[in-house]
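One file, query.txt, is given below (compact mmCIF, C-alpha atoms and all ligand atoms).
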# COMPACT_ATOMS: atom_id res chain seq x y z
CA MET A 1 110.48 84.75 214.55
CA SER A 2 111.28 86.01 211.04
CA LYS A 3 114.28 88.30 211.05
CA ASN A 4 116.79 90.07 208.80
CA VAL A 5 116.78 91.39 205.25
CA PHE A 6 118.11 88.84 202.75
CA VAL A 7 119.36 89.56 199.24
CA PHE A 8 119.80 86.94 196.53
CA ALA A 9 123.33 87.70 195.30
CA GLU A 10 123.15 86.90 191.60
CA GLN A 11 126.40 85.78 190.00
CA ARG A 12 127.17 84.82 186.43
CA ASP A 13 130.43 83.02 185.62
CA GLY A 14 131.42 83.69 189.25
CA GLU A 15 130.97 87.47 188.85
CA ILE A 16 128.45 89.16 191.18
CA GLN A 17 125.97 91.23 189.16
CA LYS A 18 125.76 94.97 189.85
CA VAL A 19 122.08 94.75 190.78
CA SER A 20 123.01 92.63 193.80
CA PHE A 21 125.16 95.44 195.21
CA GLU A 22 122.30 97.89 194.58
CA LEU A 23 119.92 95.60 196.47
CA ILE A 24 122.36 95.29 199.37
CA GLY A 25 122.45 99.13 199.48
CA LYS A 26 118.64 99.23 199.83
CA ALA A 27 118.61 96.25 202.21
CA ARG A 28 121.09 98.14 204.43
CA GLU A 29 118.64 101.03 204.73
CA LEU A 30 115.66 98.72 205.45
CA ALA A 31 117.65 96.65 207.96
CA ASN A 32 118.82 99.78 209.79
CA THR A 33 115.19 100.91 210.11
CA LEU A 34 114.21 97.50 211.50
CA GLY A 35 117.32 97.16 213.67
CA GLU A 36 118.20 93.93 211.84
CA LYS A 37 121.02 92.52 209.68
CA VAL A 38 121.64 92.35 205.94
CA VAL A 39 122.31 88.80 204.75
CA ALA A 40 123.36 87.92 201.20
CA ILE A 41 122.61 84.46 199.78
CA LEU A 42 125.39 83.36 197.45
CA LEU A 43 124.78 80.25 195.35
CA GLY A 44 127.21 78.70 192.87
CA HIS A 45 130.26 76.50 192.54
CA LYS A 46 133.69 77.75 193.60
CA VAL A 47 132.31 81.20 194.34
CA GLU A 48 133.47 81.55 197.93
CA GLY A 49 135.95 84.25 196.88
CA GLN A 50 133.02 86.53 196.01
CA ALA A 51 131.65 86.57 199.56
CA GLU A 52 134.01 89.30 200.74
CA ARG A 53 132.83 91.63 197.96
CA LEU A 54 129.27 91.26 199.26
CA VAL A 55 130.49 92.19 202.73
CA ALA A 56 132.45 95.16 201.34
CA TYR A 57 129.22 96.46 199.78
CA GLY A 58 127.27 96.24 203.04
CA ALA A 59 126.24 92.63 203.86
CA ASP A 60 126.71 91.69 207.53
CA GLU A 61 126.63 88.01 206.68
CA VAL A 62 126.84 85.83 203.60
CA ILE A 63 125.14 82.44 203.45
CA LEU A 64 127.13 80.41 200.96
CA VAL A 65 125.77 77.33 199.23
CA ASP A 66 128.61 75.96 197.13
CA ASP A 67 127.69 72.91 195.10
CA LYS A 68 128.37 71.51 191.62
CA MET A 69 124.59 71.45 191.06
CA LEU A 70 124.69 75.27 191.20
CA ALA A 71 127.54 75.77 188.74
CA GLU A 72 125.16 77.11 186.05
CA TYR A 73 121.81 78.71 186.71
CA VAL A 74 119.06 76.07 186.47
CA THR A 75 115.66 76.87 187.97
CA GLU A 76 115.04 73.69 189.98
CA PRO A 77 118.27 73.40 192.02
CA TYR A 78 118.44 77.17 192.58
CA ALA A 79 114.80 77.27 193.77
CA LYS A 80 115.44 74.30 196.04
CA ALA A 81 118.54 75.95 197.53
CA ILE A 82 116.83 79.30 198.20
CA ALA A 83 113.77 77.58 199.70
CA ALA A 84 116.08 75.54 201.98
CA VAL A 85 117.92 78.71 203.10
CA ILE A 86 114.59 80.42 203.83
CA HIS A 87 113.32 77.43 205.85
CA GLU A 88 116.51 77.32 207.87
CA PHE A 89 117.13 81.04 208.50
CA ASP A 90 113.55 82.43 208.45
CA PRO A 91 114.16 85.88 206.89
CA GLU A 92 111.80 88.82 207.28
CA ILE A 93 112.41 90.10 203.73
CA VAL A 94 114.04 88.60 200.60
CA LEU A 95 115.02 90.79 197.62
CA TYR A 96 115.92 89.64 194.09
CA GLY A 97 117.03 91.59 191.01
CA ALA A 98 114.33 91.77 188.33
CA THR A 99 116.77 90.20 185.87
CA ALA A 100 116.13 87.20 183.63
CA ILE A 101 117.34 84.95 186.49
CA GLY A 102 115.56 86.80 189.31
CA ARG A 103 112.30 86.88 187.37
CA ASP A 104 112.51 83.14 186.83
CA LEU A 105 113.61 82.23 190.34
CA ALA A 106 111.57 84.47 192.66
CA PRO A 107 108.07 83.29 191.59
CA ARG A 108 109.19 79.66 191.88
CA VAL A 109 110.44 80.23 195.40
CA SER A 110 107.34 82.18 196.37
CA ALA A 111 105.03 79.33 195.27
CA ARG A 112 107.22 76.75 197.00
CA ILE A 113 107.30 78.47 200.36
CA HIS A 114 103.77 79.92 200.18
CA THR A 115 104.40 83.63 200.44
CA GLY A 116 103.69 86.65 198.25
CA LEU A 117 105.97 88.30 195.72
CA THR A 118 105.78 91.83 194.33
CA ALA A 119 107.52 92.02 190.96
CA ASP A 120 109.41 94.94 189.41
CA CYS A 121 109.36 97.26 192.42
CA THR A 122 110.65 100.80 192.03
CA GLY A 123 110.39 101.74 195.72
CA LEU A 124 110.79 99.88 199.04
CA ALA A 125 110.25 101.26 202.54
CA ILE A 126 109.25 100.12 206.02
CA ASP A 127 105.82 101.13 207.35
CA PRO A 128 106.65 102.98 210.58
CA GLU A 129 103.59 101.58 212.39
CA THR A 130 103.28 97.95 211.30
CA LYS A 131 106.95 97.43 210.27
CA ASN A 132 105.65 95.73 207.10
CA LEU A 133 107.57 96.20 203.87
CA LEU A 134 105.89 98.73 201.57
CA MET A 135 106.54 97.57 198.01
CA THR A 136 105.80 100.19 195.34
CA ARG A 137 105.52 99.47 191.62
CA PRO A 138 103.75 100.92 188.59
CA ALA A 139 100.35 99.33 187.94
CA PHE A 140 97.50 99.57 185.41
CA GLY A 141 99.80 100.30 182.50
CA GLY A 142 101.88 102.74 184.48
CA ASN A 143 98.93 105.01 185.23
CA ILE A 144 99.19 104.58 189.01
CA MET A 145 101.89 103.67 191.48
CA ALA A 146 100.60 100.85 193.70
CA THR A 147 102.02 100.18 197.16
CA ILE A 148 101.63 96.53 198.06
CA VAL A 149 102.05 94.84 201.47
CA CYS A 150 102.31 91.22 202.48
CA PRO A 151 101.08 91.32 206.11
CA ASP A 152 100.20 87.66 206.69
CA PHE A 153 103.10 85.65 205.30
CA ARG A 154 106.85 85.69 205.70
CA PRO A 155 109.24 86.38 204.16
CA GLN A 156 108.03 89.46 202.30
CA MET A 157 109.57 89.15 198.83
CA ALA A 158 110.17 91.58 195.97
CA THR A 159 112.06 91.80 192.71
CA VAL A 160 113.64 95.19 191.92
CA ARG A 161 114.73 96.45 188.53
CA PRO A 162 118.47 96.97 187.96
CA GLY A 163 119.55 100.60 188.25
CA VAL A 164 116.71 101.70 190.55
CA MET A 165 118.47 101.40 193.93
CA GLN A 166 121.87 102.80 194.83
CA SER A 167 124.69 100.67 196.15
CA CYS A 168 126.70 101.75 199.22
CA PRO A 169 130.33 102.74 198.61
CA MET A 170 132.66 99.73 198.77
CA ASP A 171 134.58 99.38 202.05
CA THR A 172 137.11 96.55 202.04
CA LYS A 173 137.99 97.11 205.71
CA VAL A 174 134.65 95.94 207.12
CA LYS A 175 134.40 92.37 208.30
CA GLY A 176 131.42 90.07 207.88
CA LYS A 177 130.55 86.48 208.59
CA VAL A 178 130.41 83.72 205.97
CA THR A 179 128.11 80.82 206.88
CA LYS A 180 128.41 77.69 204.76
CA PHE A 181 125.13 75.89 204.25
CA THR A 182 124.63 72.49 202.66
CA VAL A 183 121.55 71.62 200.63
CA PRO A 184 120.89 67.87 200.25
CA PHE A 185 120.59 67.73 196.46
CA ALA A 186 119.47 64.53 194.72
CA ALA A 187 120.30 63.64 191.10
CA GLU A 188 116.66 64.25 190.07
CA ASP A 189 116.91 67.90 191.19
CA MET A 190 118.83 68.52 187.96
CA ASN A 191 115.94 68.17 185.53
CA VAL A 192 117.74 69.99 182.70
CA LYS A 193 120.88 68.89 180.90
CA ILE A 194 123.08 71.76 179.72
CA ARG A 195 124.85 70.58 176.57
CA LYS A 196 126.59 73.79 175.65
CA VAL A 197 126.57 77.41 176.79
CA VAL A 198 126.62 79.76 173.80
CA LYS A 199 127.53 83.33 174.66
CA ALA A 200 126.35 86.27 172.54
CA ALA A 201 129.21 87.12 170.17
CA LYS A 202 129.10 90.84 170.85
CA LYS A 203 128.18 92.35 174.18
CA ALA A 204 125.47 94.92 173.52
CA THR A 205 125.99 98.36 175.05
CA ASP A 206 124.43 98.47 178.47
CA ILE A 207 123.14 102.02 178.93
CA THR A 208 122.72 101.43 182.68
CA GLU A 209 126.53 101.29 182.96
CA CYS A 210 127.20 104.53 181.00
CA LYS A 211 128.41 107.69 182.73
CA ILE A 212 127.24 110.01 179.92
CA LEU A 213 124.03 109.52 177.92
CA ILE A 214 122.89 111.64 175.01
CA SER A 215 119.24 110.76 174.71
CA GLY A 216 116.99 111.49 171.74
CA GLY A 217 113.24 111.99 171.76
CA ARG A 218 110.67 112.39 169.01
CA GLY A 219 111.81 116.02 168.72
CA ILE A 220 114.95 114.93 166.82
CA GLY A 221 112.60 114.45 163.87
CA LYS A 222 113.92 111.36 162.08
CA ALA A 223 115.95 108.19 162.62
CA ASP A 224 119.20 109.38 161.05
CA LYS A 225 119.38 112.30 163.50
CA PHE A 226 120.73 109.79 165.99
CA GLU A 227 124.01 110.20 164.03
CA MET A 228 124.08 113.82 165.18
CA LEU A 229 123.61 112.66 168.79
CA LYS A 230 126.27 109.97 168.31
CA ASP A 231 128.78 112.62 167.22
CA LEU A 232 128.15 114.51 170.46
CA ALA A 233 128.30 111.29 172.50
CA ASP A 234 131.65 110.44 170.87
CA VAL A 235 133.31 113.73 171.75
CA LEU A 236 132.09 113.35 175.34
CA GLY A 237 132.94 109.65 175.64
CA GLY A 238 129.28 108.74 176.12
CA GLU A 239 126.57 106.66 174.47
CA ILE A 240 123.18 107.33 172.92
CA SER A 241 119.84 106.38 174.44
CA SER A 242 116.24 107.18 173.62
CA SER A 243 112.69 107.82 174.71
CA ARG A 244 110.13 105.15 173.89
CA ALA A 245 108.63 107.17 171.05
CA ASN A 246 111.68 106.53 168.86
CA VAL A 247 111.92 102.87 169.87
CA ASP A 248 108.27 102.38 168.90
CA ALA A 249 108.99 104.14 165.60
CA GLY A 250 111.79 101.60 164.93
CA TRP A 251 114.49 104.31 164.87
CA ILE A 252 116.62 102.66 167.58
CA GLY A 253 116.77 99.34 169.48
CA LYS A 254 114.70 98.66 172.59
CA GLU A 255 117.90 98.02 174.61
CA ARG A 256 118.54 101.79 174.50
CA GLN A 257 115.11 102.83 175.79
CA VAL A 258 115.06 104.80 179.02
CA GLY A 259 111.97 104.76 181.21
CA GLN A 260 109.39 102.74 182.97
CA THR A 261 109.19 100.06 180.30
CA GLY A 262 112.83 100.53 179.32
CA LYS A 263 115.89 100.85 181.52
CA THR A 264 116.54 102.90 184.63
CA VAL A 265 119.73 104.92 184.24
CA ARG A 266 121.71 107.04 186.66
CA PRO A 267 124.57 108.58 184.63
CA ASN A 268 126.72 111.54 185.66
CA LEU A 269 125.24 113.44 182.71
CA TYR A 270 121.89 112.87 180.98
CA LEU A 271 121.36 115.15 178.00
CA ALA A 272 117.72 114.99 176.88
CA CYS A 273 117.34 116.17 173.28
CA GLY A 274 113.79 116.76 172.04
CA ILE A 275 112.24 114.75 174.87
CA SER A 276 109.03 116.14 176.40
CA GLY A 277 109.52 114.58 179.85
CA ALA A 278 106.52 112.26 180.19
CA ILE A 279 106.23 110.68 183.64
CA GLN A 280 107.12 107.24 182.24
CA HIS A 281 110.35 108.66 180.80
CA LEU A 282 111.25 110.56 183.97
CA ALA A 283 110.84 107.33 185.98
CA GLY A 284 113.91 105.99 184.20
CA MET A 285 116.31 108.95 184.39
CA GLU A 286 115.44 111.41 187.16
CA GLY A 287 118.14 109.92 189.42
CA SER A 288 120.86 111.14 187.01
CA ASP A 289 123.48 113.40 188.63
CA LEU A 290 123.19 116.22 186.08
CA ILE A 291 120.28 116.60 183.66
CA ILE A 292 120.52 118.98 180.71
CA ALA A 293 117.48 119.35 178.47
CA ILE A 294 117.23 120.84 175.00
CA ASN A 295 113.67 121.48 173.87
CA LYS A 296 112.10 124.12 171.66
CA ASN A 297 109.04 124.36 173.92
CA ASN A 298 109.92 126.26 177.10
CA THR A 299 106.95 124.70 178.96
CA ALA A 300 108.05 121.09 178.32
CA PRO A 301 107.87 119.10 181.59
CA ILE A 302 111.47 117.90 181.12
CA PHE A 303 112.56 121.38 182.28
CA ASP A 304 110.97 120.65 185.69
CA VAL A 305 113.61 118.01 186.41
CA ALA A 306 116.50 119.55 184.42
CA ASP A 307 119.44 121.20 186.19
CA VAL A 308 120.19 123.14 183.00
CA GLY A 309 117.60 123.91 180.34
CA ILE A 310 118.31 125.07 176.79
CA VAL A 311 115.29 126.37 174.88
CA GLY A 312 116.10 125.82 171.23
CA ASP A 313 116.09 123.55 168.19
CA VAL A 314 118.13 120.36 168.74
CA ASN A 315 119.27 120.51 165.11
CA VAL A 316 120.97 123.81 165.83
CA VAL A 317 122.09 123.36 169.45
CA VAL A 318 123.54 119.82 169.25
CA PRO A 319 125.99 120.38 166.33
CA LYS A 320 127.12 123.66 167.91
CA LEU A 321 127.75 121.89 171.22
CA THR A 322 129.70 119.13 169.47
CA GLU A 323 131.88 121.66 167.63
CA ALA A 324 132.51 123.70 170.77
CA ILE A 325 133.49 120.63 172.83
CA LYS A 326 135.72 119.38 169.99
CA LYS A 327 137.57 122.69 169.93
CA TYR A 328 137.87 122.69 173.70
CA THR A 329 139.30 119.18 173.85
CA GLU A 330 141.66 119.48 170.85
P1 LIG B 401 107.04 113.69 172.66
O1 LIG B 401 106.24 113.59 173.90
O2 LIG B 401 106.31 113.74 171.36
O3 LIG B 401 107.97 114.96 172.82
C1 LIG B 401 108.79 115.49 171.84
C2 LIG B 401 109.39 116.75 172.40
O4 LIG B 401 110.32 117.27 171.47
C3 LIG B 401 108.38 117.86 172.67
O5 LIG B 401 108.54 118.34 174.00
C4 LIG B 401 108.74 118.96 171.65
O6 LIG B 401 108.56 120.26 172.19
C5 LIG B 401 110.19 118.68 171.42
N1 LIG B 401 110.69 119.08 170.09
C6 LIG B 401 110.10 118.89 168.88
N2 LIG B 401 110.91 119.31 167.89
C7 LIG B 401 112.02 119.80 168.49
C8 LIG B 401 113.22 120.39 168.01
N3 LIG B 401 113.45 120.52 166.69
N4 LIG B 401 114.16 120.78 168.91
C9 LIG B 401 113.95 120.66 170.26
N5 LIG B 401 112.83 120.09 170.76
C10 LIG B 401 111.88 119.66 169.90
N6 LIG B 401 108.23 106.64 177.37
C11 LIG B 401 109.56 106.53 177.55
O7 LIG B 401 110.34 107.38 177.11
N7 LIG B 401 110.05 105.43 178.20
C12 LIG B 401 109.28 104.45 178.71
O8 LIG B 401 109.79 103.48 179.27
C13 LIG B 401 107.87 104.58 178.56
N8 LIG B 401 107.03 103.64 179.07
C14 LIG B 401 105.69 103.86 178.97
C15 LIG B 401 104.81 102.95 179.58
C16 LIG B 401 103.45 103.14 179.52
C17 LIG B 401 102.55 102.18 180.20
C18 LIG B 401 102.94 104.24 178.80
C19 LIG B 401 101.45 104.47 178.73
C20 LIG B 401 103.78 105.13 178.16
C21 LIG B 401 105.16 104.94 178.23
N9 LIG B 401 106.05 105.83 177.63
C22 LIG B 401 107.39 105.70 177.84
C23 LIG B 401 105.60 106.86 176.67
C24 LIG B 401 105.50 108.24 177.26
O9 LIG B 401 104.23 108.43 177.84
C25 LIG B 401 105.68 109.31 176.15
O10 LIG B 401 104.73 109.08 175.14
C26 LIG B 401 107.06 109.31 175.53
O11 LIG B 401 108.04 109.35 176.53
C27 LIG B 401 107.20 110.54 174.64
O12 LIG B 401 108.44 110.53 174.02
P2 LIG B 401 109.12 111.88 173.56
O13 LIG B 401 109.32 112.77 174.72
O14 LIG B 401 110.30 111.50 172.76
O15 LIG B 401 108.06 112.47 172.53

Kindly return the structure encoded in the file as structure tokens.
Amino acid sequence: MSKNVFVFAEQRDGEIQKVSFELIGKARELANTLGEKVVAILLGHKVEGQAERLVAYGADEVILVDDKMLAEYVTEPYAKAIAAVIHEFDPEIVLYGATAIGRDLAPRVSARIHTGLTADCTGLAIDPETKNLLMTRPAFGGNIMATIVCPDFRPQMATVRPGVMQSCPMDTKVKGKVTKFTVPFAAEDMNVKIRKVVKAAKKATDITECKILISGGRGIGKADKFEMLKDLADVLGGEISSSRANVDAGWIGKERQVGQTGKTVRPNLYLACGISGAIQHLAGMEGSDLIIAINKNNTAPIFDVADVGIVGDVNVVVPKLTEAIKKYTE
């Protein structure tokens, strides 16, 4: 019988990606509800040392497939390895990060093992009656939230966007089991030859990792007003982000967009400047610890989620805030 909640533990250059810890956090909650275990699947070459980190973040067991064929991510051997693990261990649920790798791998696996896959989920829960996984994601252009079930096939599989789920605190004292599993690879499983790996010269700022975000909406008025927000971000040790309106206007890069079609962020402080608070924007930031909103319209929906609201003109409030904080920190 299918059992346990599995998480594909994505690693790059031997480093487990943050989304995998977030998924283990969610898997822990689902597994507790089902009375089952959390199992991480770790694929790679010489990655055994990473298994204990997965346990520290909440996995009861790690299934390790260590093979030269898995040294770099290539779709075919990775899909073969995951399918083999699923055939052998028969999981109830398998979760993947909705990253470039997860989005490539999960559909391949789902076709190979004949089960469903719900992509880009923002919510996961267990139906109390049927015990099926309820997989929620935006649908029809974000106008509705659809909850999808996979009642007839196992495992139930979903990809989840980075930043949506919360990881459990790390506990290095807990012990877990590491099970080594061998996949019988053949030379023809490697259908791609990697000649050279070229890394991006400069690592772009990842707003999902930032503790303080100063976010600008259409209300800032023009592109160069991001400089004003940058000054405030600098004195606070934060970064700038944006609503989609300004990304669409070409004022700032897409990698800084917060929201349903941008990134999901969870900083300690999210300062929304001239952002109305459309549902698609809120979807990406309402999990922030402290939300401060500056808006000249006191009925703007952003104030419904803000912990602190400032009714005023961003062009007046932001420079004053920057000056005050500068003085305070000097
Ligand atoms: P507006 O809604 O135009 O709001 C500007 C605000 O600034 C207003 O509240 C106004 O009162 C205030 N203001 C104006 N001047 C000043 C001033 N001088 N001082 C203070 N306040 C001022 N949006 C996202 O952000 N992220 C997404 O990922 C996203 N995905 C989407 C996906 C779909 C399928 C769809 C349909 C929409 C999506 N949107 C997304 C767009 C979203 O619906 C809104 O259109 C967008 O968030 C609005 O951006 P905004 O708040 O900056 O602009």

Check which residues of chain A sit at most 8 Å from ligand LIG 401 (chain B) using only C-alpha atoms and all ligand atoms, and return one row each with the closest pair of atoms and their distance in Å to one decimal, ordered by chain and rising number, as a tab-separated table.
residue	atom	partner	partner_atom	distance
A:Phe140	CA	B:LIG401	C17	7.7
A:Gly141	CA	B:LIG401	C17	4.0
A:Gly142	CA	B:LIG401	C17	4.4
A:Asn143	CA	B:LIG401	C17	6.8
A:Gly216	CA	B:LIG401	O14	6.8
A:Gly217	CA	B:LIG401	O14	3.1
A:Arg218	CA	B:LIG401	O14	3.9
A:Gly219	CA	B:LIG401	C6	3.3
A:Ile220	CA	B:LIG401	N3	5.8
A:Gly221	CA	B:LIG401	N2	6.5
A:Ser242	CA	B:LIG401	O7	6.9
A:Ser243	CA	B:LIG401	O7	3.4
A:Arg244	CA	B:LIG401	O7	3.9
A:Ala245	CA	B:LIG401	O12	4.5
A:Asn246	CA	B:LIG401	O14	6.5
A:Gln257	CA	B:LIG401	N7	6.2
A:Val258	CA	B:LIG401	N7	5.1
A:Gly259	CA	B:LIG401	O8	3.2
A:Gln260	CA	B:LIG401	O8	3.8
A:Thr261	CA	B:LIG401	O8	3.6
A:Gly262	CA	B:LIG401	O8	4.2
A:Lys263	CA	B:LIG401	O8	7.0
A:Cys273	CA	B:LIG401	C9	6.4
A:Gly274	CA	B:LIG401	O4	3.6
A:Ile275	CA	B:LIG401	O13	3.5
A:Ser276	CA	B:LIG401	O5	3.3
A:Gly277	CA	B:LIG401	O13	5.4
A:Ala278	CA	B:LIG401	O11	4.9
A:Ile279	CA	B:LIG401	O9	6.5
A:Gln280	CA	B:LIG401	C13	4.6
A:His281	CA	B:LIG401	O7	3.9
A:Leu282	CA	B:LIG401	O7	7.6
A:Ala283	CA	B:LIG401	O8	7.8
A:Gly284	CA	B:LIG401	O8	6.9
A:Ile294	CA	B:LIG401	C9	5.8
A:Asn295	CA	B:LIG401	N5	3.5
A:Lys296	CA	B:LIG401	C9	4.2
A:Asn297	CA	B:LIG401	O6	4.5
A:Asn298	CA	B:LIG401	O6	7.9
A:Ala300	CA	B:LIG401	O5	5.1
A:Pro301	CA	B:LIG401	O5	7.7
A:Ile302	CA	B:LIG401	O5	7.7
A:Val311	CA	B:LIG401	C9	7.5
A:Gly312	CA	B:LIG401	C9	5.7
A:Asp313	CA	B:LIG401	N4	3.5
A:Val314	CA	B:LIG401	N4	4.0
A:Asn315	CA	B:LIG401	N3	6.0

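Among the candidate residues A:Cys210, A:Thr136, A:Gly253, A:Val19, the one lying nearest to Phe226 of chain A is A:Gly253, with distances computed using only C-alpha atoms.
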
**Report entry** Spatial neighbours of segment 112-119 of chain A, max dist 7 Å, all atoms listed in the file, sep filter under 6 positions, as a PyMOL selection string
**Finding:** chain A and resi 83+135+150+153-160

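You can rank A:Val94, A:Ala71, A:Ile101, A:Ala51 by their closest distance to Val5 of chain A using only C-alpha atoms, and at the top of that list sits A:Val94.
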
Query - Shell around Leu134 of chain A at 8 Å using all atoms listed in the file, local window under 6 positions removed, as a VMD selection string - result: chain A and resid 123 to 127 147 to 149

Answer as a PDB file with C-alpha atoms, keeping the file's coordinate frame, residues within 12 Å of (116.0, 92.6, 196.3) using only C-alpha atoms:
ATOM      1  CA  VAL A   5     116.780  91.390 205.250  1.00  0.00           C
ATOM      2  CA  PHE A   6     118.110  88.840 202.750  1.00  0.00           C
ATOM      3  CA  VAL A   7     119.360  89.560 199.240  1.00  0.00           C
ATOM      4  CA  PHE A   8     119.800  86.940 196.530  1.00  0.00           C
ATOM      5  CA  ALA A   9     123.330  87.700 195.300  1.00  0.00           C
ATOM      6  CA  GLU A  10     123.150  86.900 191.600  1.00  0.00           C
ATOM      7  CA  LYS A  18     125.760  94.970 189.850  1.00  0.00           C
ATOM      8  CA  VAL A  19     122.080  94.750 190.780  1.00  0.00           C
ATOM      9  CA  SER A  20     123.010  92.630 193.800  1.00  0.00           C
ATOM     10  CA  PHE A  21     125.160  95.440 195.210  1.00  0.00           C
ATOM     11  CA  GLU A  22     122.300  97.890 194.580  1.00  0.00           C
ATOM     12  CA  LEU A  23     119.920  95.600 196.470  1.00  0.00           C
ATOM     13  CA  ILE A  24     122.360  95.290 199.370  1.00  0.00           C
ATOM     14  CA  GLY A  25     122.450  99.130 199.480  1.00  0.00           C
ATOM     15  CA  LYS A  26     118.640  99.230 199.830  1.00  0.00           C
ATOM     16  CA  ALA A  27     118.610  96.250 202.210  1.00  0.00           C
ATOM     17  CA  ARG A  28     121.090  98.140 204.430  1.00  0.00           C
ATOM     18  CA  LEU A  30     115.660  98.720 205.450  1.00  0.00           C
ATOM     19  CA  VAL A  38     121.640  92.350 205.940  1.00  0.00           C
ATOM     20  CA  VAL A  39     122.310  88.800 204.750  1.00  0.00           C
ATOM     21  CA  ALA A  40     123.360  87.920 201.200  1.00  0.00           C
ATOM     22  CA  ILE A  41     122.610  84.460 199.780  1.00  0.00           C
ATOM     23  CA  ILE A  93     112.410  90.100 203.730  1.00  0.00           C
ATOM     24  CA  VAL A  94     114.040  88.600 200.600  1.00  0.00           C
ATOM     25  CA  LEU A  95     115.020  90.790 197.620  1.00  0.00           C
ATOM     26  CA  TYR A  96     115.920  89.640 194.090  1.00  0.00           C
ATOM     27  CA  GLY A  97     117.030  91.590 191.010  1.00  0.00           C
ATOM     28  CA  ALA A  98     114.330  91.770 188.330  1.00  0.00           C
ATOM     29  CA  THR A  99     116.770  90.200 185.870  1.00  0.00           C
ATOM     30  CA  GLY A 102     115.560  86.800 189.310  1.00  0.00           C
ATOM     31  CA  ARG A 103     112.300  86.880 187.370  1.00  0.00           C
ATOM     32  CA  ALA A 106     111.570  84.470 192.660  1.00  0.00           C
ATOM     33  CA  LEU A 117     105.970  88.300 195.720  1.00  0.00           C
ATOM     34  CA  THR A 118     105.780  91.830 194.330  1.00  0.00           C
ATOM     35  CA  ALA A 119     107.520  92.020 190.960  1.00  0.00           C
ATOM     36  CA  ASP A 120     109.410  94.940 189.410  1.00  0.00           C
ATOM     37  CA  CYS A 121     109.360  97.260 192.420  1.00  0.00           C
ATOM     38  CA  THR A 122     110.650 100.800 192.030  1.00  0.00           C
ATOM     39  CA  GLY A 123     110.390 101.740 195.720  1.00  0.00           C
ATOM     40  CA  LEU A 124     110.790  99.880 199.040  1.00  0.00           C
ATOM     41  CA  LEU A 133     107.570  96.200 203.870  1.00  0.00           C
ATOM     42  CA  MET A 135     106.540  97.570 198.010  1.00  0.00           C
ATOM     43  CA  GLN A 156     108.030  89.460 202.300  1.00  0.00           C
ATOM     44  CA  MET A 157     109.570  89.150 198.830  1.00  0.00           C
ATOM     45  CA  ALA A 158     110.170  91.580 195.970  1.00  0.00           C
ATOM     46  CA  THR A 159     112.060  91.800 192.710  1.00  0.00           C
ATOM     47  CA  VAL A 160     113.640  95.190 191.920  1.00  0.00           C
ATOM     48  CA  ARG A 161     114.730  96.450 188.530  1.00  0.00           C
ATOM     49  CA  PRO A 162     118.470  96.970 187.960  1.00  0.00           C
ATOM     50  CA  GLY A 163     119.550 100.600 188.250  1.00  0.00           C
ATOM     51  CA  VAL A 164     116.710 101.700 190.550  1.00  0.00           C
ATOM     52  CA  MET A 165     118.470 101.400 193.930  1.00  0.00           C
ATOM     53  CA  GLN A 166     121.870 102.800 194.830  1.00  0.00           C
ATOM     54  CA  SER A 167     124.690 100.670 196.150  1.00  0.00           C
TER      55      SER A 167
END

Query raised in the report: Looking at A:Asp13, A:Glu48, A:Glu323, A:Asp248, which one is nearest to Asp66 of chain A, with distances taken over all atoms listed in the file?
Result: A:Glu48

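Minimum atom-to-atom distances from A:Glu188, A:Asp152, A:Glu36, A:Asp171 to Pro91 of chain A were compared using only C-alpha atoms, and the lowest value belongs to A:Glu36.
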
For segment 170-178 of chain A, where the input has fewer atoms than it should, I would like N, CA and C atoms rebuilt and written as a PDB file, in the coordinates of the input.
ATOM      1  N   MET A 170     131.962 100.964 198.364  1.00  0.00           N
ATOM      2  CA  MET A 170     132.660  99.730 198.770  1.00  0.00           C
ATOM      3  C   MET A 170     133.636 100.040 199.908  1.00  0.00           C
ATOM      4  N   ASP A 171     133.646  99.198 200.934  1.00  0.00           N
ATOM      5  CA  ASP A 171     134.580  99.380 202.050  1.00  0.00           C
ATOM      6  C   ASP A 171     135.221  98.025 202.353  1.00  0.00           C
ATOM      7  N   THR A 172     136.456  97.870 201.911  1.00  0.00           N
ATOM      8  CA  THR A 172     137.110  96.550 202.040  1.00  0.00           C
ATOM      9  C   THR A 172     137.584  96.288 203.473  1.00  0.00           C
ATOM     10  N   LYS A 173     137.492  97.309 204.327  1.00  0.00           N
ATOM     11  CA  LYS A 173     137.990  97.110 205.710  1.00  0.00           C
ATOM     12  C   LYS A 173     136.947  96.435 206.610  1.00  0.00           C
ATOM     13  N   VAL A 174     135.663  96.529 206.231  1.00  0.00           N
ATOM     14  CA  VAL A 174     134.650  95.940 207.120  1.00  0.00           C
ATOM     15  C   VAL A 174     134.712  94.414 207.080  1.00  0.00           C
ATOM     16  N   LYS A 175     134.361  93.829 208.198  1.00  0.00           N
ATOM     17  CA  LYS A 175     134.400  92.370 208.300  1.00  0.00           C
ATOM     18  C   LYS A 175     132.967  91.841 208.409  1.00  0.00           C
ATOM     19  N   GLY A 176     132.741  90.704 207.786  1.00  0.00           N
ATOM     20  CA  GLY A 176     131.420  90.070 207.880  1.00  0.00           C
ATOM     21  C   GLY A 176     131.611  88.576 208.092  1.00  0.00           C
ATOM     22  N   LYS A 177     130.480  87.908 208.282  1.00  0.00           N
ATOM     23  CA  LYS A 177     130.550  86.480 208.590  1.00  0.00           C
ATOM     24  C   LYS A 177     130.138  85.686 207.343  1.00  0.00           C
ATOM     25  N   VAL A 178     130.836  84.588 207.076  1.00  0.00           N
ATOM     26  CA  VAL A 178     130.410  83.720 205.970  1.00  0.00           C
ATOM     27  C   VAL A 178     129.949  82.399 206.586  1.00  0.00           C
TER      28      VAL A 178
END
